file structure17.tsv (TSV, C-alpha atoms)
chain	number	residue	atom	x	y	z
A	805	MET	CA	-38.08	-168.82	-101.00
A	806	SER	CA	-38.44	-168.40	-104.75
A	807	HIS	CA	-35.54	-168.08	-107.12
A	808	ALA	CA	-35.37	-166.58	-110.58
A	809	SER	CA	-35.46	-168.88	-113.55
A	810	PRO	CA	-32.05	-170.51	-114.05
A	811	LEU	CA	-32.53	-170.00	-117.79
A	812	LYS	CA	-32.56	-166.22	-117.56
A	813	ALA	CA	-29.52	-164.15	-116.65
A	814	PRO	CA	-30.24	-161.90	-113.68
A	815	LYS	CA	-30.46	-158.19	-114.27
A	816	PRO	CA	-28.68	-155.93	-111.81
A	817	ARG	CA	-30.99	-154.40	-109.27
A	818	ILE	CA	-28.61	-151.45	-109.31
A	819	ASP	CA	-25.35	-151.07	-111.19
A	820	SER	CA	-22.26	-151.62	-109.03
A	821	ARG	CA	-20.86	-148.14	-109.73
A	822	ASP	CA	-24.20	-146.48	-108.98
A	823	PHE	CA	-24.56	-148.47	-105.75
A	824	LEU	CA	-21.05	-147.68	-104.56
A	825	ALA	CA	-21.54	-143.99	-105.40
A	826	LEU	CA	-24.31	-143.97	-102.78
A	827	MET	CA	-21.77	-144.75	-100.06
A	828	PRO	CA	-18.26	-143.62	-100.98
A	829	ASP	CA	-17.17	-143.75	-97.34
A	830	VAL	CA	-18.12	-147.43	-97.09
A	831	TYR	CA	-16.38	-148.16	-100.39
A	832	GLU	CA	-13.21	-146.45	-99.13
A	833	ALA	CA	-13.36	-148.34	-95.82
A	834	LEU	CA	-13.78	-151.70	-97.56
A	835	ALA	CA	-10.99	-150.87	-100.02
A	836	ALA	CA	-8.68	-149.95	-97.14
A	837	LEU	CA	-9.55	-153.18	-95.34
A	838	GLY	CA	-8.71	-155.09	-98.51
A	839	LYS	CA	-5.32	-153.42	-98.80
A	840	ALA	CA	-4.41	-153.98	-95.15
A	841	ALA	CA	-3.56	-157.67	-95.50
A	842	VAL	CA	-1.30	-157.01	-98.49
A	843	THR	CA	0.39	-154.13	-96.68
A	844	ALA	CA	0.94	-156.47	-93.72
A	845	GLY	CA	2.81	-158.87	-96.01
A	846	ILE	CA	0.21	-161.55	-96.76
A	847	GLU	CA	0.83	-162.98	-100.22
A	848	GLU	CA	-1.52	-161.50	-102.82
A	849	SER	CA	-1.91	-164.86	-104.56
A	850	LEU	CA	-3.05	-166.48	-101.31
A	851	LEU	CA	-5.54	-163.68	-100.68
A	852	GLU	CA	-6.93	-164.03	-104.19
A	853	ILE	CA	-7.62	-167.77	-103.89
A	854	VAL	CA	-9.32	-167.11	-100.54
A	855	LYS	CA	-11.49	-164.41	-102.12
A	856	ILE	CA	-12.27	-166.65	-105.09
A	857	ARG	CA	-13.33	-169.48	-102.78
A	858	ALA	CA	-15.54	-167.27	-100.60
A	859	SER	CA	-17.14	-165.79	-103.72
A	860	GLN	CA	-17.87	-169.29	-105.02
A	861	ILE	CA	-19.52	-170.28	-101.74
A	862	ASN	CA	-21.55	-167.06	-101.57
A	863	GLY	CA	-22.61	-167.20	-105.21
A	864	CYS	CA	-21.31	-163.74	-106.11
A	865	ALA	CA	-20.57	-163.82	-109.85
A	866	TYR	CA	-19.31	-160.24	-109.84
A	867	CYS	CA	-16.73	-160.82	-107.10
A	868	LEU	CA	-15.73	-164.20	-108.49
A	869	GLN	CA	-14.90	-162.74	-111.90
A	870	HIS	CA	-13.28	-159.66	-110.36
A	871	HIS	CA	-10.88	-161.82	-108.32
A	872	LEU	CA	-10.23	-164.21	-111.20
A	873	ASN	CA	-9.21	-161.12	-113.19
A	874	ILE	CA	-6.84	-160.02	-110.43
A	875	ALA	CA	-5.41	-163.55	-110.26
A	876	ALA	CA	-4.79	-163.44	-114.01
A	877	ARG	CA	-3.06	-160.07	-113.63
A	878	LEU	CA	-0.86	-161.64	-110.94
A	879	GLN	CA	-0.10	-164.43	-113.44
A	880	MET	CA	-1.38	-167.14	-111.13
A	881	PRO	CA	-1.39	-170.57	-112.78
A	882	GLN	CA	-4.69	-171.32	-114.50
A	883	ASP	CA	-4.62	-174.95	-113.34
A	884	LYS	CA	-4.62	-173.71	-109.73
A	885	LEU	CA	-7.49	-171.29	-110.37
A	886	ASP	CA	-9.47	-174.05	-112.06
A	887	MET	CA	-9.17	-176.19	-108.92
A	888	VAL	CA	-10.07	-173.69	-106.19
A	889	ALA	CA	-13.59	-175.11	-105.77
A	890	VAL	CA	-12.14	-178.60	-105.21
A	891	TRP	CA	-8.90	-177.63	-103.47
A	892	ARG	CA	-9.03	-180.58	-101.05
A	893	GLU	CA	-8.63	-183.02	-103.92
A	894	ALA	CA	-6.15	-180.93	-105.95
A	895	PRO	CA	-2.36	-181.15	-105.57
A	896	GLN	CA	-1.74	-177.56	-106.74
A	897	PHE	CA	-2.06	-175.96	-103.29
A	898	SER	CA	0.63	-175.55	-100.64
A	899	SER	CA	-0.07	-176.36	-97.00
A	900	ARG	CA	-0.32	-172.61	-96.30
A	901	GLU	CA	-2.86	-172.15	-99.10
A	902	ARG	CA	-4.83	-175.17	-97.86
A	903	ALA	CA	-4.94	-173.70	-94.37
A	904	ALA	CA	-6.13	-170.35	-95.75
A	905	LEU	CA	-8.81	-172.02	-97.89
A	906	ALA	CA	-10.07	-174.11	-94.96
A	907	TRP	CA	-10.15	-170.98	-92.79
A	908	ALA	CA	-11.97	-169.04	-95.51
A	909	GLU	CA	-14.62	-171.74	-95.81
A	910	ALA	CA	-15.11	-171.84	-92.05
A	911	LEU	CA	-15.41	-168.07	-91.69
A	912	THR	CA	-17.66	-167.80	-94.74
A	913	GLN	CA	-19.95	-170.53	-93.39
A	914	ILE	CA	-19.60	-169.27	-89.82
A	915	ALA	CA	-22.97	-170.61	-88.65
A	916	GLU	CA	-21.41	-174.08	-88.79
A	917	GLY	CA	-18.78	-172.94	-86.28
A	918	VAL	CA	-14.99	-172.99	-86.31
A	919	SER	CA	-13.49	-176.01	-84.62
A	920	ASP	CA	-10.52	-175.95	-82.26
A	921	GLU	CA	-8.90	-178.53	-84.53
A	922	LEU	CA	-9.13	-176.25	-87.57
A	923	TYR	CA	-7.82	-173.30	-85.57
A	924	SER	CA	-4.89	-175.39	-84.38
A	925	ASP	CA	-4.16	-176.58	-87.92
A	926	VAL	CA	-4.33	-173.06	-89.33
A	927	ARG	CA	-2.04	-171.76	-86.58
A	928	THR	CA	0.72	-174.08	-87.83
A	929	GLU	CA	0.82	-172.00	-91.03
A	930	PHE	CA	0.03	-168.48	-89.79
A	931	SER	CA	1.23	-166.32	-86.93
A	932	ASP	CA	-1.36	-164.56	-84.79
A	933	LYS	CA	-0.86	-161.36	-86.77
A	934	GLU	CA	-1.03	-163.12	-90.16
A	935	LEU	CA	-4.19	-164.96	-89.16
A	936	ALA	CA	-5.77	-161.71	-88.01
A	937	TYR	CA	-5.08	-160.14	-91.42
A	938	VAL	CA	-6.22	-163.21	-93.36
A	939	SER	CA	-9.41	-163.22	-91.26
A	940	SER	CA	-10.00	-159.54	-92.00
A	941	ALA	CA	-9.58	-160.21	-95.74
A	942	ILE	CA	-12.12	-163.02	-95.50
A	943	GLY	CA	-14.51	-160.71	-93.67
A	944	GLN	CA	-14.01	-158.06	-96.33
A	945	ILE	CA	-14.78	-160.38	-99.26
A	946	ASN	CA	-17.85	-161.66	-97.46
A	947	VAL	CA	-19.16	-158.09	-97.21
A	948	TRP	CA	-18.51	-157.51	-100.92
A	949	ASN	CA	-20.15	-160.86	-101.76
A	950	ARG	CA	-23.29	-159.94	-99.89
A	951	LEU	CA	-23.53	-156.60	-101.66
A	952	GLY	CA	-22.76	-157.99	-105.11
A	953	ALA	CA	-25.03	-161.02	-104.83
A	954	ALA	CA	-27.92	-159.07	-103.30
A	955	MET	CA	-27.73	-156.37	-105.97
A	956	GLN	CA	-27.04	-158.92	-108.73
A	957	TRP	CA	-24.11	-156.93	-110.07
A	958	THR	CA	-23.11	-157.87	-113.60
A	959	PRO	CA	-19.69	-159.55	-113.57
A	960	PRO	CA	-16.88	-157.58	-115.19
A	961	PRO	CA	-15.46	-158.86	-118.47
A	962	ARG	CA	-12.95	-161.68	-118.21
A	963	ARG	CA	-9.35	-160.52	-118.37
A	964	ASN	CA	-6.42	-162.73	-119.26
A	965	GLY	CA	-3.41	-161.19	-117.58
call {"tool": "encode", "arguments": {"input": "structure17.tsv", "output": "structure tokens"}}
result
Amino acid sequence: MSHASPLKAPKPRIDSRDFLALMPDVYEALAALGKAAVTAGIEESLLEIVKIRASQINGCAYCLQHHLNIAARLQMPQDKLDMVAVWREAPQFSSRERAALAWAEALTQIAEGVSDELYSDVRTEFSDKELAYVSSAIGQINVWNRLGAAMQWTPPPRRNG
């Protein structure tokens, strides 16, 4: 498998807006899926760190910047955002956020499997319904990551709040 030169910025294969215009029904379905967890009462800040972590793992620059922008709009602490990639070693995360991040990593790297131990640990922080919605949000960001990374979408400009 060959990769582009790390010294050259990738060019989009197709602009994100042009790509999404090809399938407005899919865009609407993914947007609705993304709103479902918030509507169900899952904390937006928790969902954003999960989406940031999945985007880091999947190498989607567009989604990573998009969700960092949302986190800034939500006024999430910058020191927490700076530590998402190394959350296990960082004291900024609650036990609920740690459970969500561990779950996000497991579902994003699903080929490695999801252990009964992790499921049990996560269930101490989330009800069945909450875990279903968090899982759907993780699934949704993984779909977006695959589209954005495959099409090499240009990340949006950084926003500070």
call {"tool": "residues_around", "arguments": {"input": "structure17.tsv", "residues": "Leu911 in chain A", "least_positions_apart": "5", "cutoff": "9 Å", "atoms": "all atoms listed in the file", "output": "count of residues only"}}
result
9
call {"tool": "closest_residue", "arguments": {"input": "structure17.tsv", "among": "A:Leu951, A:Gln869, A:Ile853, A:Arg963", "to": "Glu909 in chain A", "atoms": "all atoms listed in the file"}}
result
A:Ile853
call {"tool": "closest_residue", "arguments": {"input": "structure17.tsv", "among": "A:Met880, A:Ile846, A:Val947, A:Ala954", "to": "Phe930 in chain A", "atoms": "all atoms listed in the file"}}
result
A:Ile846
call {"tool": "residues_near_point", "arguments": {"input": "structure17.tsv", "point": "(-13.5, -149.7, -98.1)", "cutoff": "12 Å", "atoms": "all atoms listed in the file", "output": "ChimeraX atom specification"}}
result
/A:824,827-840,941,943-945,947-948
call {"tool": "write_last_selection", "arguments": {"input": "structure17.tsv", "atoms": "C-alpha atoms", "output": "PDB file, keeping the file's coordinate frame"}}
result
ATOM      1  CA  LEU A 824     -21.050-147.680-104.560  1.00  0.00           C
ATOM      2  CA  MET A 827     -21.770-144.750-100.060  1.00  0.00           C
ATOM      3  CA  PRO A 828     -18.260-143.620-100.980  1.00  0.00           C
ATOM      4  CA  ASP A 829     -17.170-143.750 -97.340  1.00  0.00           C
ATOM      5  CA  VAL A 830     -18.120-147.430 -97.090  1.00  0.00           C
ATOM      6  CA  TYR A 831     -16.380-148.160-100.390  1.00  0.00           C
ATOM      7  CA  GLU A 832     -13.210-146.450 -99.130  1.00  0.00           C
ATOM      8  CA  ALA A 833     -13.360-148.340 -95.820  1.00  0.00           C
ATOM      9  CA  LEU A 834     -13.780-151.700 -97.560  1.00  0.00           C
ATOM     10  CA  ALA A 835     -10.990-150.870-100.020  1.00  0.00           C
ATOM     11  CA  ALA A 836      -8.680-149.950 -97.140  1.00  0.00           C
ATOM     12  CA  LEU A 837      -9.550-153.180 -95.340  1.00  0.00           C
ATOM     13  CA  GLY A 838      -8.710-155.090 -98.510  1.00  0.00           C
ATOM     14  CA  LYS A 839      -5.320-153.420 -98.800  1.00  0.00           C
ATOM     15  CA  ALA A 840      -4.410-153.980 -95.150  1.00  0.00           C
ATOM     16  CA  ALA A 941      -9.580-160.210 -95.740  1.00  0.00           C
ATOM     17  CA  GLY A 943     -14.510-160.710 -93.670  1.00  0.00           C
ATOM     18  CA  GLN A 944     -14.010-158.060 -96.330  1.00  0.00           C
ATOM     19  CA  ILE A 945     -14.780-160.380 -99.260  1.00  0.00           C
ATOM     20  CA  VAL A 947     -19.160-158.090 -97.210  1.00  0.00           C
ATOM     21  CA  TRP A 948     -18.510-157.510-100.920  1.00  0.00           C
TER      22      TRP A 948
END
call {"tool": "residues_around", "arguments": {"input": "structure17.tsv", "residues": "Glu848 in chain A", "least_positions_apart": "3", "cutoff": "10 Å", "atoms": "all atoms listed in the file", "output": "short mmCIF file (atom, residue, chain, number, x, y, z; two decimals) with C-alpha atoms, in the frame of the given file"}}
result
data_model
loop_
_atom_site.label_atom_id
_atom_site.label_comp_id
_atom_site.auth_asym_id
_atom_site.auth_seq_id
_atom_site.Cartn_x
_atom_site.Cartn_y
_atom_site.Cartn_z
CA LYS A 839 -5.32 -153.42 -98.80
CA ALA A 841 -3.56 -157.67 -95.50
CA VAL A 842 -1.30 -157.01 -98.49
CA THR A 843 0.39 -154.13 -96.68
CA GLY A 845 2.81 -158.87 -96.01
CA LEU A 851 -5.54 -163.68 -100.68
CA GLU A 852 -6.93 -164.03 -104.19
CA ILE A 853 -7.62 -167.77 -103.89
CA VAL A 854 -9.32 -167.11 -100.54
CA ILE A 874 -6.84 -160.02 -110.43
CA ALA A 875 -5.41 -163.55 -110.26
CA LEU A 878 -0.86 -161.64 -110.94
#
call {"tool": "atom_distance", "arguments": {"input": "structure17.tsv", "atom1": "CA of Gly952 in chain A", "atom2": "CA of Gln882 in chain A"}}
result
24.3 Å
